[in-house]
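Novice: Below is one structure. I have some questions about it.
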Number of protein chains: 2
Amino acid sequence: MNKKNKRSVIVGQSGGPTAAINSSLAGVYRTAKDRGYKKIYGMLHGIQGLMEERYVDLSDHIQSGLDEELLKRTPAAYLGSCRYKLPGIHEDPDLYKRLFEILDKLEVDCFIYIGGNDSMDTIKKLSDYAIISGSEIRFVGCPKTIDNDLALTDHTPGYGSAAKYIGTSVKEVIRDGWSLETPTGQVIIMEIMGRNAGWLTGAAALAKGEDCDGPDAIYLPEIPFDVDKFVDKCRNLLKKKESIVIAVSEGIKTKDGKYVNELSDLPKYVDAFGHKQLTGTASYLCNLISAELGCKTRAIELSTLQRAASHCSSRVDILEAYEMGGAAMKAADEGGSGEMVVIQRISDDPYQAGAEVRDVHKIANDERLVPREWINKEGDYVTNEFITYVRPLIQGDVAPIMVDGIPRHLYKPGFHDMMNK
Amino acid sequence: MNKKNKRSVIVGQSGGPTAAINSSLAGVYRTAKDRGYKKIYGMLHGIQGLMEERYVDLSDHIQSGLDEELLKRTPAAYLGSCRYKLPGIHEDPDLYKRLFEILDKLEVDCFIYIGGNDSMDTIKKLSDYAIISGSEIRFVGCPKTIDNDLALTDHTPGYGSAAKYIGTSVKEVIRDGWSLETPTGQVIIMEIMGRNAGWLTGAAALAKGEDCDGPDAIYLPEIPFDVDKFVDKCRNLLKKKESIVIAVSEGIKTKDGKYVNELSDLPKYVDAFGHKQLTGTASYLCNLISAELGCKTRAIELSTLQRAASHCSSRVDILEAYEMGGAAMKAADEGGSGEMVVIQRISDDPYQAGAEVRDVHKIANDERLVPREWINKEGDYVTNEFITYVRPLIQGDVAPIMVDGIPRHLYKPGFHDMMNK
């Protein structure tokens, strides 16, 4: 391979962080290095940081094989992330012009963006602009999201590790619930991320096995939530057992489209992006159950713990994330643009999957939900098909590199100040 | 050693579950077996279950060395726990008579109780009654509590694993907080268990290291909480950095003794034991900060996750728990009664510690708090002495035995039904 004309690569991370997104970054870096690029830049806080010319030379950060291993085990976006949707090209052509000037100044040949739906939209627009403007820069996307809601790919890197953490934590909470007898019975409600897609909440079913009954009910946002049926379900479950564990998605909605946590009178916070903060679903339901059934309740929100728990990550997930990063880099290196790499599953058992390349125009902004037939008739549990799908994705562990009893993450002196502007 | 006269041992678990309490159970079992006891019984749900003659033959449950290893890795009280305080002997002598009849029927020579303050009170009363009634049954306590608030012992089994989980999770959340830029800044408040003692909350400082700044402030229940100073602290921190992580104990109280979460107008649930549910401290403070400073906030309660996270347990803790179970059994076997085993620390670095025996009359109901000099002058962080104390207790890992991607726990068919009456 002719390496002498290869100049620079730039890579960015976007959207909600995961336990695997840095493994993709490591994969991009390794493949870019192996394919002879002279410089590998990292955007700080994605495209938003790039517009302010905030970037680093990744070789200052990844200085050894050990650093690469640490990076694979570091949760959250190493380079910082953003939630920024590029305007349409016609809406702000100057912005595109400016962005490409920055890329040209850095002698960028390949632009890799690791992210979810919004990030793939960015790849689409930038690759379109490259065509319009005659730029030879190639733009390729690498999927990432714990939500697993990206279309065309079998699953997304980041999902498997979050699913493994959720299954493990739900199982531990179930066991904890058995310990103490509660005269009134107790209902423990675990709130799991997923605004519209129930992939993460469904993973609570992974707790079920020869040594655990699993959660007693699972409510996904795909199915309208019926408050009265839910109370009845709890009432009936409490007749049979003393400690009930129920998994609910933060995004469950009643059939008139109202988020369950909005049924409460408590004030809600709307974040800077106009998203309502959806925490509080489990608390609301606990208060309700406690009032209706007079039993003890406990609300447990897995919050950002579930997307940052690299101490409990899945080996399949971390390795696939790494491979997908490499595959995105390979695609761009070989001339592809306006593409996203996807995971194509070949077989469930034995699990086999590989990277393929898709046209990003067919992907962006299409939210993939849990199929109705993977949810039971009553709408309160996932089926075996769901488990068959998710089980291979949580296999194997990535042992954290422990220093003095705590997992070590990649960090270079002054890194945090740099992130902080 | 003369084994022929040895008859039965009975062991029970009491109080809040931990990730290490079953390792103590495994230690009691192994030592009782090795010392030639014919039967080893386990009380179901502690002394409360025993009064209803609910117990199992532990050899039906621990059938192999593999079962012992699984038991060490199983969170929560395997035998079920209780929160029950025996009445004084003079208050209900019939209850004691009845209990001893049950123990005599089972030919019990040794009674081992794994638990916290209330459990040691149980050991005290039962051993007193044995003296009064001329019974030769020996009663020995084995310490356990994530709260680490038991007197006379350097620390309690269960604390180290919870501390390791807390340090790890706080570090992951801090890193996650760096990912996204928040124009308003964000304050993440992590609520950690500990009604009166701040040992667990202080463990948040373990996140601090070469690769992490650690939490920005830590509030323990030992220091009266000043709401105004807290708001000022957050305001000042937000001037320097964008993402702030603060650890608070669920039990922080204002200087007039009011729990912080009671400052809220929201209805509170009082559990069957009259304890106010203290969850909600972080939520209350988040709402306050959001209103006062206009920034984004996020409340994260570690809830029962922190006491059940055997997937992230400390090797030192699990092994000490096992040894303490064995030491309690040894003490009883050698004729001790009215005693509790304690951990005596010989040195911090290298860490060395061993089991010793103490008179339980000197222990019970004495709550051990974090010393004032291990908290900084401002009352918003722990000192290096605190870290020197806790650091050795989180060393090493106990790899979970993974089956199909999820940690396996000890379970025998029908076990849950049995626990459930």
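Residues in the structure tokens are named by chain (A, B, ... in the order shown) and by number from 1 within that chain; ligands are numbered from 1 in the order shown.
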Compile the residues of chain A that lie within 6 Å of chain B, evaluated using only C-alpha atoms, and express the compilation as a list in words.

Specialist: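 Within 6 Å of chain B on chain A, we get Ala76, Ala77, Gly80, Ser81, Cys82, Thr168, Glu172, Asp176, Ser179, Leu180, Asp211, Ala308, Ile394, Gln395, Gly405, Ile406 and Tyr411 of chain A.
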
Novice: For the residues selected in the previous step, produce a file with all heavy atoms as a JSON list (two decimals), in the first residue's frame.

Specialist:
[["chain", "number", "residue", "atom", "x", "y", "z"],
["A", 76, "ALA", "N", -17.17, 6.79, 28.97],
["A", 76, "ALA", "CA", -17.55, 8.15, 28.53],
["A", 76, "ALA", "C", -16.66, 8.56, 27.35],
["A", 76, "ALA", "O", -15.68, 7.90, 27.05],
["A", 76, "ALA", "CB", -17.45, 9.14, 29.66],
["A", 77, "ALA", "N", -17.01, 9.65, 26.70],
["A", 77, "ALA", "CA", -16.28, 10.07, 25.50],
["A", 77, "ALA", "C", -14.93, 10.67, 25.89],
["A", 77, "ALA", "O", -14.89, 11.74, 26.49],
["A", 77, "ALA", "CB", -17.11, 11.08, 24.72],
["A", 80, "GLY", "N", -14.52, 14.05, 24.69],
["A", 80, "GLY", "CA", -15.66, 14.93, 24.91],
["A", 80, "GLY", "C", -16.64, 14.75, 23.77],
["A", 80, "GLY", "O", -16.27, 14.40, 22.64],
["A", 81, "SER", "N", -17.89, 14.96, 24.07],
["A", 81, "SER", "CA", -18.95, 14.72, 23.10],
["A", 81, "SER", "C", -19.77, 16.01, 22.93],
["A", 81, "SER", "O", -19.49, 17.01, 23.56],
["A", 81, "SER", "CB", -19.82, 13.59, 23.63],
["A", 81, "SER", "OG", -20.80, 13.24, 22.70],
["A", 82, "CYS", "N", -20.71, 15.97, 22.03],
["A", 82, "CYS", "CA", -21.62, 17.11, 21.89],
["A", 82, "CYS", "C", -22.96, 16.59, 21.41],
["A", 82, "CYS", "O", -23.07, 15.47, 20.93],
["A", 82, "CYS", "CB", -21.06, 18.14, 20.90],
["A", 82, "CYS", "SG", -20.99, 17.58, 19.19],
["A", 168, "THR", "N", -26.80, -7.65, 35.32],
["A", 168, "THR", "CA", -26.07, -7.96, 36.55],
["A", 168, "THR", "C", -26.66, -7.22, 37.74],
["A", 168, "THR", "O", -26.90, -7.79, 38.81],
["A", 168, "THR", "CB", -24.58, -7.57, 36.37],
["A", 168, "THR", "OG1", -24.05, -8.36, 35.30],
["A", 168, "THR", "CG2", -23.78, -7.82, 37.63],
["A", 172, "GLU", "N", -28.63, -8.61, 41.13],
["A", 172, "GLU", "CA", -28.15, -8.34, 42.49],
["A", 172, "GLU", "C", -29.24, -7.69, 43.34],
["A", 172, "GLU", "O", -29.40, -8.01, 44.52],
["A", 172, "GLU", "CB", -26.89, -7.46, 42.44],
["A", 172, "GLU", "CG", -25.68, -8.24, 41.92],
["A", 172, "GLU", "CD", -24.43, -7.41, 41.64],
["A", 172, "GLU", "OE1", -24.54, -6.17, 41.55],
["A", 172, "GLU", "OE2", -23.35, -8.01, 41.48],
["A", 176, "ASP", "N", -30.95, -9.10, 46.72],
["A", 176, "ASP", "CA", -31.01, -8.24, 47.90],
["A", 176, "ASP", "C", -32.45, -8.17, 48.44],
["A", 176, "ASP", "O", -32.67, -8.19, 49.65],
["A", 176, "ASP", "CB", -30.50, -6.84, 47.55],
["A", 176, "ASP", "CG", -30.39, -5.93, 48.76],
["A", 176, "ASP", "OD1", -29.32, -5.95, 49.39],
["A", 176, "ASP", "OD2", -31.35, -5.22, 49.09],
["A", 179, "SER", "N", -33.71, -10.78, 50.96],
["A", 179, "SER", "CA", -33.05, -10.92, 52.25],
["A", 179, "SER", "C", -33.96, -10.66, 53.44],
["A", 179, "SER", "O", -34.02, -11.43, 54.38],
["A", 179, "SER", "CB", -31.87, -9.96, 52.35],
["A", 179, "SER", "OG", -30.85, -10.39, 51.50],
["A", 180, "LEU", "N", -34.63, -9.53, 53.36],
["A", 180, "LEU", "CA", -35.41, -9.12, 54.52],
["A", 180, "LEU", "C", -36.88, -9.41, 54.31],
["A", 180, "LEU", "O", -37.43, -9.13, 53.23],
["A", 180, "LEU", "CB", -35.20, -7.62, 54.77],
["A", 180, "LEU", "CG", -33.82, -7.27, 55.35],
["A", 180, "LEU", "CD1", -33.51, -5.79, 55.16],
["A", 180, "LEU", "CD2", -33.75, -7.63, 56.82],
["A", 211, "ASP", "N", -30.44, -19.58, 38.50],
["A", 211, "ASP", "CA", -30.27, -19.14, 39.89],
["A", 211, "ASP", "C", -31.07, -17.88, 40.23],
["A", 211, "ASP", "O", -30.87, -17.31, 41.30],
["A", 211, "ASP", "CB", -28.79, -18.90, 40.18],
["A", 211, "ASP", "CG", -28.17, -17.90, 39.20],
["A", 211, "ASP", "OD1", -28.72, -17.72, 38.10],
["A", 211, "ASP", "OD2", -27.13, -17.30, 39.54],
["A", 308, "ALA", "N", -21.89, 4.25, 31.96],
["A", 308, "ALA", "CA", -20.50, 4.53, 32.30],
["A", 308, "ALA", "C", -19.80, 3.35, 32.97],
["A", 308, "ALA", "O", -18.61, 3.44, 33.29],
["A", 308, "ALA", "CB", -20.43, 5.75, 33.22],
["A", 394, "ILE", "N", -23.46, -9.83, 25.44],
["A", 394, "ILE", "CA", -22.95, -9.56, 26.80],
["A", 394, "ILE", "C", -21.88, -10.55, 27.21],
["A", 394, "ILE", "O", -21.45, -10.59, 28.36],
["A", 394, "ILE", "CB", -24.08, -9.57, 27.85],
["A", 394, "ILE", "CG1", -24.70, -10.97, 27.97],
["A", 394, "ILE", "CG2", -25.17, -8.56, 27.50],
["A", 394, "ILE", "CD1", -25.45, -11.19, 29.28],
["A", 395, "GLN", "N", -21.43, -11.36, 26.27],
["A", 395, "GLN", "CA", -20.49, -12.44, 26.63],
["A", 395, "GLN", "C", -19.07, -11.93, 26.86],
["A", 395, "GLN", "O", -18.57, -11.10, 26.12],
["A", 395, "GLN", "CB", -20.46, -13.50, 25.53],
["A", 395, "GLN", "CG", -21.79, -14.21, 25.32],
["A", 395, "GLN", "CD", -22.26, -14.98, 26.53],
["A", 395, "GLN", "OE1", -21.48, -15.68, 27.18],
["A", 395, "GLN", "NE2", -23.54, -14.85, 26.87],
["A", 405, "GLY", "N", -6.79, -0.71, 43.78],
["A", 405, "GLY", "CA", -8.15, -1.13, 44.11],
["A", 405, "GLY", "C", -9.25, -0.52, 43.27],
["A", 405, "GLY", "O", -10.42, -0.86, 43.45],
["A", 406, "ILE", "N", -8.89, 0.40, 42.35],
["A", 406, "ILE", "CA", -9.91, 1.11, 41.55],
["A", 406, "ILE", "C", -9.50, 1.02, 40.07],
["A", 406, "ILE", "O", -8.31, 1.10, 39.75],
["A", 406, "ILE", "CB", -9.98, 2.59, 41.99],
["A", 406, "ILE", "CG1", -10.43, 2.72, 43.45],
["A", 406, "ILE", "CG2", -10.87, 3.43, 41.07],
["A", 406, "ILE", "CD1", -11.91, 2.56, 43.70],
["A", 411, "TYR", "N", -5.64, 8.93, 31.13],
["A", 411, "TYR", "CA", -5.62, 10.35, 31.52],
["A", 411, "TYR", "C", -4.22, 10.89, 31.31],
["A", 411, "TYR", "O", -3.24, 10.29, 31.75],
["A", 411, "TYR", "CB", -6.00, 10.50, 32.99],
["A", 411, "TYR", "CG", -6.13, 11.94, 33.42],
["A", 411, "TYR", "CD1", -7.35, 12.60, 33.33],
["A", 411, "TYR", "CD2", -5.03, 12.65, 33.90],
["A", 411, "TYR", "CE1", -7.48, 13.93, 33.70],
["A", 411, "TYR", "CE2", -5.15, 13.98, 34.28],
["A", 411, "TYR", "CZ", -6.37, 14.62, 34.19],
["A", 411, "TYR", "OH", -6.50, 15.92, 34.55]]

Novice: Please identify all polymer residues within 10 Å of Gly338 (chain B), counting only C-alpha atoms, omitting same-chain residues fewer than 5 positions from it, and present them as a list of chain:residue names.

Specialist: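 So, after excluding close chain neighbours, the residues are B:Met120, B:Asp121, B:Thr122, B:Ile123, B:Lys124, B:Lys125, B:Leu126, B:Ser127, B:Asp128, B:Ala130, B:Ile131, B:Arg138, B:Phe139, B:Val140, B:Gly141, B:Ala332, B:Arg358, B:Asp359, B:Val360, B:His361.
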
Novice: Mind writing the picked residues with C-alpha atoms as an mmCIF file, in the first residue's frame?

Specialist:
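Final file, out34.cif:
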data_model
loop_
_atom_site.group_PDB
_atom_site.id
_atom_site.type_symbol
_atom_site.label_atom_id
_atom_site.label_comp_id
_atom_site.auth_asym_id
_atom_site.auth_seq_id
_atom_site.Cartn_x
_atom_site.Cartn_y
_atom_site.Cartn_z
ATOM 1 C CA MET B 120 -24.386 -8.444 68.818
ATOM 2 C CA ASP B 121 -27.109 -7.484 71.280
ATOM 3 C CA THR B 122 -28.757 -10.814 70.450
ATOM 4 C CA ILE B 123 -25.505 -12.667 71.181
ATOM 5 C CA LYS B 124 -25.186 -10.820 74.477
ATOM 6 C CA LYS B 125 -28.682 -11.674 75.652
ATOM 7 C CA LEU B 126 -28.566 -15.300 74.551
ATOM 8 C CA SER B 127 -25.184 -15.888 76.168
ATOM 9 C CA ASP B 128 -26.467 -14.244 79.368
ATOM 10 C CA ALA B 130 -27.262 -19.545 78.848
ATOM 11 C CA ILE B 131 -25.391 -18.637 82.052
ATOM 12 C CA ARG B 138 -21.913 -21.118 73.167
ATOM 13 C CA PHE B 139 -22.933 -17.897 71.410
ATOM 14 C CA VAL B 140 -20.469 -15.994 69.246
ATOM 15 C CA GLY B 141 -21.016 -13.037 66.922
ATOM 16 C CA ALA B 332 -17.251 -21.080 69.893
ATOM 17 C CA ARG B 358 -13.834 -9.457 72.309
ATOM 18 C CA ASP B 359 -16.430 -9.576 75.032
ATOM 19 C CA VAL B 360 -19.712 -8.753 73.274
ATOM 20 C CA HIS B 361 -20.930 -6.840 76.357
#

Novice: Using only C-alpha atoms, which protein or nucleic acid residues come within 8 Å of region 143-151 of chain B? Drop anything in the same chain fewer than 6 positions from it, and give the result as a VMD selection string.

Specialist: chain B and resid 15 to 18 20 to 21 114 to 117 157 to 160 162 193 to 194 197 to 200 307 324 340 to 342 363 to 364 366 to 369

Novice: Can you spit out the residues from that selection as a compact mmCIF listing (two decimals), in the first residue's frame, using N, CA, C and O atoms?

Specialist:
# COMPACT_ATOMS: atom_id res chain seq x y z
N GLY B 15 -29.76 -8.22 59.93
CA GLY B 15 -29.51 -6.83 59.53
C GLY B 15 -29.43 -6.66 58.02
O GLY B 15 -29.75 -7.57 57.26
N GLY B 16 -29.00 -5.49 57.60
CA GLY B 16 -28.93 -5.19 56.17
C GLY B 16 -27.92 -6.09 55.47
O GLY B 16 -26.85 -6.36 55.99
N PRO B 17 -28.30 -6.58 54.28
CA PRO B 17 -27.38 -7.48 53.56
C PRO B 17 -26.15 -6.74 53.04
O PRO B 17 -26.13 -5.51 52.96
N THR B 18 -25.13 -7.51 52.70
CA THR B 18 -23.90 -6.96 52.13
C THR B 18 -23.41 -7.93 51.04
O THR B 18 -23.97 -9.00 50.86
N ALA B 20 -20.57 -9.33 51.33
CA ALA B 20 -19.60 -10.23 51.99
C ALA B 20 -20.22 -11.13 53.04
O ALA B 20 -19.56 -12.05 53.52
N ILE B 21 -21.47 -10.92 53.39
CA ILE B 21 -22.06 -11.67 54.51
C ILE B 21 -22.12 -13.17 54.21
O ILE B 21 -22.01 -14.00 55.12
N ILE B 114 -24.22 -13.68 62.40
CA ILE B 114 -23.47 -12.73 61.57
C ILE B 114 -24.31 -11.47 61.42
O ILE B 114 -25.40 -11.53 60.85
N GLY B 115 -23.82 -10.35 61.93
CA GLY B 115 -24.63 -9.15 61.83
C GLY B 115 -23.97 -7.93 62.41
O GLY B 115 -22.77 -7.92 62.67
N GLY B 116 -24.79 -6.90 62.62
CA GLY B 116 -24.29 -5.62 63.13
C GLY B 116 -24.63 -5.42 64.59
O GLY B 116 -24.65 -6.38 65.38
N ASN B 117 -24.91 -4.19 64.96
CA ASN B 117 -25.13 -3.85 66.37
C ASN B 117 -26.25 -4.66 67.02
O ASN B 117 -26.08 -5.21 68.10
N PRO B 157 -16.52 -6.54 57.95
CA PRO B 157 -16.69 -7.18 56.64
C PRO B 157 -17.95 -6.64 55.95
O PRO B 157 -18.96 -6.43 56.61
N GLY B 158 -17.84 -6.43 54.67
CA GLY B 158 -18.94 -5.84 53.90
C GLY B 158 -18.62 -4.41 53.53
O GLY B 158 -19.00 -3.94 52.45
N TYR B 159 -17.90 -3.73 54.40
CA TYR B 159 -17.59 -2.32 54.14
C TYR B 159 -16.65 -2.17 52.94
O TYR B 159 -16.87 -1.33 52.06
N GLY B 160 -15.60 -2.98 52.90
CA GLY B 160 -14.59 -2.84 51.85
C GLY B 160 -15.19 -3.00 50.45
O GLY B 160 -14.85 -2.24 49.53
N ALA B 162 -18.36 -2.55 49.52
CA ALA B 162 -19.23 -1.41 49.23
C ALA B 162 -18.39 -0.18 48.88
O ALA B 162 -18.69 0.56 47.94
N MET B 193 -25.38 5.54 51.07
CA MET B 193 -25.99 5.08 52.32
C MET B 193 -25.17 5.51 53.55
O MET B 193 -23.97 5.77 53.45
N GLY B 194 -25.82 5.47 54.70
CA GLY B 194 -25.17 5.83 55.96
C GLY B 194 -26.03 6.83 56.69
O GLY B 194 -26.02 8.02 56.39
N ALA B 197 -23.34 7.37 60.17
CA ALA B 197 -21.89 7.27 59.99
C ALA B 197 -21.54 7.50 58.53
O ALA B 197 -22.21 7.01 57.63
N GLY B 198 -20.47 8.23 58.28
CA GLY B 198 -20.11 8.63 56.92
C GLY B 198 -19.06 7.76 56.27
O GLY B 198 -18.46 8.16 55.26
N TRP B 199 -18.83 6.56 56.80
CA TRP B 199 -17.77 5.71 56.23
C TRP B 199 -17.97 5.44 54.75
O TRP B 199 -17.03 5.46 53.97
N LEU B 200 -19.21 5.14 54.37
CA LEU B 200 -19.48 4.83 52.96
C LEU B 200 -19.36 6.06 52.08
O LEU B 200 -18.76 6.02 51.00
N ARG B 307 -24.82 -2.13 48.22
CA ARG B 307 -24.60 -3.19 49.19
C ARG B 307 -24.70 -4.57 48.54
O ARG B 307 -24.36 -5.58 49.16
N MET B 324 -13.29 -14.30 59.22
CA MET B 324 -14.02 -13.92 60.43
C MET B 324 -15.10 -14.95 60.76
O MET B 324 -15.34 -15.24 61.94
N MET B 340 -17.55 -11.67 70.45
CA MET B 340 -17.62 -11.32 69.04
C MET B 340 -16.20 -11.32 68.51
O MET B 340 -15.27 -10.90 69.21
N VAL B 341 -16.02 -11.80 67.28
CA VAL B 341 -14.70 -11.66 66.68
C VAL B 341 -14.59 -10.26 66.08
O VAL B 341 -15.58 -9.69 65.63
N VAL B 342 -13.41 -9.72 66.13
CA VAL B 342 -13.17 -8.39 65.57
C VAL B 342 -11.93 -8.45 64.69
O VAL B 342 -11.13 -9.40 64.79
N ILE B 363 -19.45 -4.27 73.29
CA ILE B 363 -19.60 -3.84 71.90
C ILE B 363 -20.98 -3.31 71.58
O ILE B 363 -21.15 -2.25 71.01
N ALA B 364 -21.97 -4.05 71.99
CA ALA B 364 -23.30 -3.84 71.42
C ALA B 364 -23.81 -2.41 71.55
O ALA B 364 -23.59 -1.74 72.54
N ASP B 366 -23.11 0.41 70.29
CA ASP B 366 -22.22 1.56 70.30
C ASP B 366 -21.90 1.90 68.85
O ASP B 366 -21.23 1.13 68.17
N GLU B 367 -22.35 3.04 68.35
CA GLU B 367 -22.18 3.36 66.93
C GLU B 367 -20.85 4.09 66.72
O GLU B 367 -20.61 5.11 67.36
N ARG B 368 -20.02 3.58 65.84
CA ARG B 368 -18.71 4.19 65.63
C ARG B 368 -18.78 5.15 64.44
O ARG B 368 -19.09 4.75 63.33
N LEU B 369 -18.46 6.40 64.66
CA LEU B 369 -18.54 7.41 63.60
C LEU B 369 -17.15 7.71 63.05
O LEU B 369 -16.13 7.33 63.64

Novice: For Asp92 (chain B), which residue out of B:Arg30, B:Tyr284, B:Ile252, B:Tyr129 is the nearest one, using only C-alpha atoms?

Specialist: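 Closest residue, counting only C-alpha atoms: B:Tyr129.
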
Novice: Calculate how many Å separate CA of Pro400 (chain A) from CA of Arg73 (chain A), rounding to one decimal.

Specialist: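 One can read the CA of Pro400 (chain A) to CA of Arg73 (chain A) distance as 6.4 Å.
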
Novice: Write out as JSON, numbers by chain all residues of region 52-274 of chain A that DSSP puts in alpha helix (DSSP H) for this structure's backbone.

Specialist: {"A": [65, 66, 67, 68, 69, 70, 71, 72, 93, 94, 95, 96, 97, 98, 99, 100, 101, 102, 103, 104, 105, 117, 118, 119, 120, 121, 122, 123, 124, 125, 126, 127, 128, 129, 130, 131, 132, 133, 159, 160, 161, 162, 163, 164, 165, 166, 167, 168, 169, 170, 171, 172, 173, 174, 175, 176, 177, 178, 179, 199, 200, 201, 202, 227, 228, 229, 230, 231, 232, 233, 234, 235, 236, 237, 238, 239, 240]}

Novice: Please report the interatomic distance between CA of Gly294 (chain A) and CA of Tyr84 (chain B) in Å with one decimal.

Specialist: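 Between these atoms lies a distance of 21.6 Å.
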
Novice: If you run DSSP on the backbone here, which positions in region 199-270 of chain B get strand (DSSP E)? Please write them as an NGL selection string.

Specialist: :B and (217-219 or 243-249)

Novice: I'd like the contact shell of Leu58 (chain A) - 8 Å cut-off, only C-alpha atoms, skipping same-chain residues fewer than 2 positions apart - returned as a list in words.

Specialist: Tyr29, Ile40, Tyr41, Gly42, Val56, Asp60, His61 and Ile62 of chain A

Novice: Which residue is closest to Asp104 (chain B)? Choose from B:Lys33, B:Glu250, B:Ala331, B:Ser8 and count only C-alpha atoms.

Specialist: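 Closest to Asp104 (chain B), using only C-alpha atoms: B:Ser8.
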
Novice: Could you jot down the CA of Ile343 (chain A) to CA of Ile112 (chain A) separation for me, Å, one decimal place?

Specialist: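 Taking CA of Ile343 (chain A) and CA of Ile112 (chain A), their separation equals 16.6 Å.
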
Novice: Could you check the closest approach to Leu50 (chain A) for each of A:Pro87, A:Gly65, A:Gly12, A:Pro93 and tell me which residue wins, using only C-alpha atoms?

Specialist: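 Closest candidate: A:Gly12.
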
Novice: Which residues, written as a ChimeraX atom specification, have at least one atom at most 6 Å from Asn22 (chain A), with only C-alpha atoms counted and residues fewer than 3 positions away on the same chain left out?

Specialist: /A:25,71-72

Novice: Name all residues at most 10 Å from Thr388 (chain B) (count only C-alpha atoms; drop same-chain ones fewer than 5 positions away) and give them as a compact mmCIF listing (two decimals) with N, CA, C and O atoms, in the first residue's frame.

Specialist:
# COMPACT_ATOMS: atom_id res chain seq x y z
N ASP B 348 -0.95 -0.45 58.36
CA ASP B 348 -1.61 0.07 57.16
C ASP B 348 -0.85 -0.32 55.90
O ASP B 348 -1.44 -0.64 54.86
N ASP B 349 0.50 -0.23 55.98
CA ASP B 349 1.30 -0.39 54.77
C ASP B 349 2.63 -1.02 55.12
O ASP B 349 3.49 -0.35 55.70
N THR B 383 -10.02 13.50 54.91
CA THR B 383 -8.57 13.77 54.88
C THR B 383 -7.81 12.54 54.35
O THR B 383 -8.39 11.47 54.16
N LEU B 393 -8.59 -1.80 52.29
CA LEU B 393 -9.78 -2.65 52.39
C LEU B 393 -10.45 -2.92 51.04
O LEU B 393 -11.34 -3.75 50.94

Novice: Which residues are close to Arg195 (chain B), i.e. within 10 Å by only C-alpha atoms, leaving aside same-chain residues fewer than 6 positions away? Reply as a PyMOL selection string.

Specialist: chain B and resi 147+220-222+249-253+259+278

Novice: Keeping N, CA and C atoms, export the residues of the selection given above as a short mmCIF file (atom, residue, chain, number, x, y, z; two decimals), in the first residue's frame.

Specialist:
data_model
loop_
_atom_site.label_atom_id
_atom_site.label_comp_id
_atom_site.auth_asym_id
_atom_site.auth_seq_id
_atom_site.Cartn_x
_atom_site.Cartn_y
_atom_site.Cartn_z
N ASP B 147 -22.06 -0.38 56.74
CA ASP B 147 -21.97 0.95 57.38
C ASP B 147 -20.67 1.15 58.16
N LEU B 220 -20.60 14.33 54.97
CA LEU B 220 -20.87 13.20 55.86
C LEU B 220 -21.91 13.60 56.92
N PRO B 221 -22.61 12.62 57.45
CA PRO B 221 -23.64 12.94 58.45
C PRO B 221 -23.04 13.38 59.79
N GLU B 222 -21.74 13.17 59.98
CA GLU B 222 -21.10 13.57 61.23
C GLU B 222 -21.06 15.09 61.41
N SER B 249 -24.17 11.93 52.04
CA SER B 249 -24.76 10.82 52.76
C SER B 249 -26.27 11.00 52.82
N GLU B 250 -27.01 9.91 52.76
CA GLU B 250 -28.47 9.97 52.88
C GLU B 250 -28.88 10.58 54.23
N GLY B 251 -27.96 10.53 55.18
CA GLY B 251 -28.32 10.92 56.54
C GLY B 251 -27.87 12.31 56.95
N ILE B 252 -27.44 13.15 56.00
CA ILE B 252 -27.01 14.49 56.42
C ILE B 252 -28.18 15.26 57.04
N LYS B 253 -27.82 16.00 58.10
CA LYS B 253 -28.84 16.72 58.86
C LYS B 253 -28.40 18.17 59.06
N TYR B 259 -33.26 16.01 59.09
CA TYR B 259 -32.71 15.39 57.88
C TYR B 259 -32.94 16.32 56.68
N LEU B 278 -34.91 7.50 53.83
CA LEU B 278 -34.09 8.69 53.66
C LEU B 278 -33.72 9.00 52.22
#
